[in-house]
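Please read the structure below before turning to the comments.
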Amino acid sequence: MQNLAKLLAAGVAAVFVVGSGFTLVQELAKNYTLQSQNHNDISIEQALLVAQGALDECKKSNSVVTVAVVNQVGGITFALRGDGAPADDIDVARRKAYTARTFRQATSDWVKHTAPDAIDAKGKPVLLTGQRLLENTIPRAGGMPIIYHGDAIGGIGVTGSKGGDEMDETCAKAGVEAIADQLL
C-alpha cells in the first residue's frame, strides 16, 4: 500500500513538472513572438530621426519640404509640413512613403519598372503599369523604404525640395541613413 502511495505521488509530481515545463515553453514562445513583432515596425523615435535626417539634408538647399514616415502597414507614424508648403503636400509625401514601403524599393526605381515602355534585361516588355493605378501609390521619385532584416518596416516620402523629385529622394535617402546603424 505504501508503494502504491509513493508511486501515485511520483506520478502526480511528474505530471506537475511536465505541465509546468509545457506552460513555461508556451509563455517563452509567446513573449519571443510579441517582441519580434514589435521590432518589425518602425518606432516613433526612429520615425523622428528619419524625418530629421531628411530635413537636415533638404535644409542644405534651403528647401521648404514636407516629410511623411509610414509604418509597416503604410499608416502615418510621423508627418510634418514645412512653413509655407502647400497643404496637399502631406498626401503626396505619404503616398511616396507608402509606395516605397509597399514595393520595397526607391520610388524612382519603381517608376522606371512600371513605365509603359519598361523592358527587362532580355529586352522583353515589363507589364507592371497597372501598379501605378493602385490606391495610395504615386509614380514620382522621392520615397525610400526602411528595411530591417529583409522586412519593410516603413517608408519615408519627401516632397517640395528645390531640386524636384530627384532631390526629394536624396533627402529621403539621408533620412533612412540617419538610422542605418539601427537597421543592421
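Labels for the C-alpha cells follow display order: chains A, B, ..., residues from 1 in each chain, ligands from 1.
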Close residues, Ser161 of chain A itself excluded, 7 Å, only C-alpha atoms, min 4 positions apart in chain, as a PyMOL selection string: chain A and resi 58+63-65+167-168
Please list as a CSV table (one decimal) with N, CA and C atoms, in the first residue's frame every residue within 12 Å of Ala100 of chain A, counting only C-alpha atoms and excluding residues in the same chain fewer than 3 positions away.
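Below is the file result-v8.csv, written as the result:
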```csv
chain,number,residue,atom,x,y,z
A,68,ALA,N,6.9,62.6,-44.7
A,68,ALA,CA,6.0,61.7,-44.1
A,68,ALA,C,6.7,60.3,-43.9
A,69,VAL,N,6.6,59.7,-42.7
A,69,VAL,CA,7.1,58.4,-42.4
A,69,VAL,C,6.0,57.5,-42.1
A,70,VAL,N,5.9,56.4,-42.9
A,70,VAL,CA,4.8,55.4,-42.6
A,70,VAL,C,5.4,54.2,-42.0
A,71,ASN,N,4.5,53.4,-41.3
A,71,ASN,CA,4.9,52.2,-40.6
A,71,ASN,C,4.8,51.0,-41.5
A,72,GLN,N,4.9,49.8,-40.9
A,72,GLN,CA,4.9,48.6,-41.7
A,72,GLN,C,3.7,48.4,-42.5
A,73,VAL,N,2.5,48.8,-42.1
A,73,VAL,CA,1.3,48.6,-42.8
A,73,VAL,C,0.9,49.9,-43.6
A,74,GLY,N,1.8,50.9,-43.7
A,74,GLY,CA,1.5,52.0,-44.5
A,74,GLY,C,0.8,53.2,-43.8
A,93,ALA,N,3.6,63.3,-49.9
A,93,ALA,CA,4.7,62.7,-49.2
A,93,ALA,C,4.3,61.3,-48.6
A,94,ARG,N,3.1,61.2,-48.1
A,94,ARG,CA,2.6,60.0,-47.6
A,94,ARG,C,2.5,58.9,-48.7
A,95,ARG,N,2.0,59.3,-49.8
A,95,ARG,CA,1.9,58.3,-50.9
A,95,ARG,C,3.3,57.9,-51.4
A,96,LYS,N,4.3,58.8,-51.4
A,96,LYS,CA,5.6,58.4,-51.8
A,96,LYS,C,6.2,57.4,-50.8
A,97,ALA,N,6.0,57.7,-49.5
A,97,ALA,CA,6.4,56.7,-48.5
A,97,ALA,C,5.7,55.4,-48.6
A,103,PHE,N,6.5,48.5,-52.3
A,103,PHE,CA,7.3,47.8,-53.3
A,103,PHE,C,8.7,47.6,-52.9
A,104,ARG,N,9.1,48.0,-51.7
A,104,ARG,CA,10.4,47.8,-51.1
A,104,ARG,C,11.5,48.2,-52.0
A,105,GLN,N,11.4,49.4,-52.6
A,105,GLN,CA,12.4,50.0,-53.4
A,105,GLN,C,12.2,51.5,-53.5
A,106,ALA,N,13.3,52.2,-53.9
A,106,ALA,CA,13.2,53.6,-54.1
A,106,ALA,C,12.1,53.9,-55.1
A,107,THR,N,11.3,54.9,-54.9
A,107,THR,CA,10.2,55.2,-55.8
A,107,THR,C,10.7,55.5,-57.2
A,108,SER,N,11.9,56.1,-57.3
A,108,SER,CA,12.5,56.3,-58.7
A,108,SER,C,12.7,55.0,-59.4
A,109,ASP,N,13.2,54.0,-58.7
A,109,ASP,CA,13.3,52.7,-59.4
A,109,ASP,C,12.0,52.1,-59.8
A,110,TRP,N,11.0,52.2,-58.9
A,110,TRP,CA,9.7,51.7,-59.1
A,110,TRP,C,9.0,52.4,-60.3
A,111,VAL,N,9.2,53.7,-60.5
A,111,VAL,CA,8.7,54.5,-61.6
A,111,VAL,C,9.3,53.9,-62.9
A,136,ASN,N,-3.3,54.8,-53.2
A,136,ASN,CA,-2.2,55.2,-52.3
A,136,ASN,C,-0.8,55.2,-52.9
A,137,THR,N,-0.6,54.7,-54.2
A,137,THR,CA,0.7,54.8,-54.8
A,137,THR,C,0.8,56.1,-55.6
A,138,ILE,N,2.0,56.5,-55.9
A,138,ILE,CA,2.2,57.7,-56.7
A,138,ILE,C,3.5,57.4,-57.6
A,139,PRO,N,3.4,57.6,-58.9
A,139,PRO,CA,4.5,57.4,-59.7
A,139,PRO,C,5.5,58.6,-59.8
A,140,ARG,N,6.1,58.9,-58.6
A,140,ARG,CA,7.1,60.0,-58.5
A,140,ARG,C,8.2,59.6,-57.6
A,141,ALA,N,9.4,60.1,-58.0
A,141,ALA,CA,10.6,59.8,-57.1
A,141,ALA,C,10.4,60.6,-55.8
A,142,GLY,N,11.1,60.2,-54.8
A,142,GLY,CA,11.1,60.9,-53.5
A,142,GLY,C,10.7,60.1,-52.3
A,143,GLY,N,10.6,58.8,-52.5
A,143,GLY,CA,10.3,57.8,-51.5
A,143,GLY,C,11.4,56.8,-51.3
A,144,MET,N,11.6,56.4,-50.1
A,144,MET,CA,12.6,55.3,-49.8
A,144,MET,C,12.0,54.3,-48.8
A,145,PRO,N,12.2,53.0,-49.0
A,145,PRO,CA,11.7,52.1,-48.0
A,145,PRO,C,12.7,52.0,-46.8
A,146,ILE,N,12.2,51.6,-45.7
A,146,ILE,CA,13.0,51.4,-44.5
A,146,ILE,C,13.0,49.9,-44.2
A,147,ILE,N,14.2,49.3,-44.5
A,147,ILE,CA,14.3,47.8,-44.4
A,147,ILE,C,15.1,47.4,-43.2
A,152,ALA,N,10.2,45.3,-44.8
A,152,ALA,CA,10.0,46.7,-45.0
A,152,ALA,C,9.2,47.1,-43.7
A,153,ILE,N,9.9,47.8,-42.8
A,153,ILE,CA,9.2,48.2,-41.6
A,153,ILE,C,8.6,49.6,-41.7
A,154,GLY,N,8.8,50.2,-42.8
A,154,GLY,CA,8.3,51.6,-43.0
A,154,GLY,C,8.8,52.2,-44.3
A,155,GLY,N,8.5,53.4,-44.5
A,155,GLY,CA,9.0,54.2,-45.6
A,155,GLY,C,8.9,55.6,-45.4
A,156,ILE,N,9.7,56.4,-46.1
A,156,ILE,CA,9.8,57.8,-46.0
A,156,ILE,C,9.5,58.5,-47.3
A,157,GLY,N,8.7,59.5,-47.3
A,157,GLY,CA,8.4,60.3,-48.5
A,157,GLY,C,8.7,61.7,-48.3
A,158,VAL,N,9.3,62.4,-49.3
A,158,VAL,CA,9.7,63.8,-49.2
A,158,VAL,C,9.2,64.5,-50.4
A,169,GLU,N,14.2,62.6,-53.3
A,169,GLU,CA,14.7,61.2,-53.0
A,169,GLU,C,16.1,61.3,-52.3
A,172,ALA,N,15.2,61.9,-48.8
A,172,ALA,CA,14.6,60.7,-48.2
A,172,ALA,C,15.7,59.6,-47.9
A,173,LYS,N,16.7,59.5,-48.8
A,173,LYS,CA,17.8,58.5,-48.5
A,173,LYS,C,18.6,59.0,-47.3
A,176,VAL,N,16.8,57.8,-44.2
A,176,VAL,CA,17.0,56.4,-43.9
A,176,VAL,C,18.4,56.2,-43.3
```
Got a sec: who's within 8 Å of Leu80 of chain A, counting only C-alpha atoms, leaving out chain neighbours fewer than 3 positions off, as a PyMOL selection string? chain A and resi 66-68+90
Could you save the residues just selected, with N, CA and C atoms, as a tab-separated table (two decimals), in the first residue's frame?
```tsv
chain	number	residue	atom	x	y	z
A	66	THR	N	7.99	68.82	-47.18
A	66	THR	CA	7.05	68.07	-46.37
A	66	THR	C	7.56	66.64	-46.32
A	67	VAL	N	7.53	66.04	-45.13
A	67	VAL	CA	8.07	64.70	-44.91
A	67	VAL	C	6.99	63.84	-44.25
A	68	ALA	N	6.87	62.62	-44.73
A	68	ALA	CA	5.97	61.65	-44.09
A	68	ALA	C	6.72	60.35	-43.90
A	90	ILE	N	1.28	66.96	-47.81
A	90	ILE	CA	1.26	65.87	-46.83
A	90	ILE	C	0.82	64.57	-47.51
```
Can you tell me, as a PyMOL selection string, what residues are no more than 10 Å from Gly130 of chain A when counting only C-alpha atoms, ignoring any on the same chain fewer than 6 positions away? chain A and resi 114-116
Print the selection's residues with N, CA and C atoms to a file, as a PDB file, in the first residue's frame.
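Generated output (selection.pdb):
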```pdb
ATOM      1  N   THR A 114       7.728  50.439 -63.751  1.00  0.00           N
ATOM      2  CA  THR A 114       6.295  50.423 -64.070  1.00  0.00           C
ATOM      3  C   THR A 114       5.943  51.344 -65.237  1.00  0.00           C
ATOM      4  N   ALA A 115       6.953  51.897 -65.878  1.00  0.00           N
ATOM      5  CA  ALA A 115       6.702  52.779 -67.032  1.00  0.00           C
ATOM      6  C   ALA A 115       6.068  51.968 -68.161  1.00  0.00           C
ATOM      7  N   PRO A 116       5.212  52.601 -68.953  1.00  0.00           N
ATOM      8  CA  PRO A 116       4.566  51.876 -70.057  1.00  0.00           C
ATOM      9  C   PRO A 116       5.555  51.263 -71.047  1.00  0.00           C
TER      10      PRO A 116
END
```
Between atom CA of Glu166 of chain A and atom CA of Ala79 of chain A, distance in Å (one decimal): 20.0 Å
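Ranking A:Ala174, A:Thr159, A:Ile179, A:Leu184 by their shortest atom-to-atom distance to Lys60 of chain A, with only C-alpha atoms included, puts A:Ala174 first.
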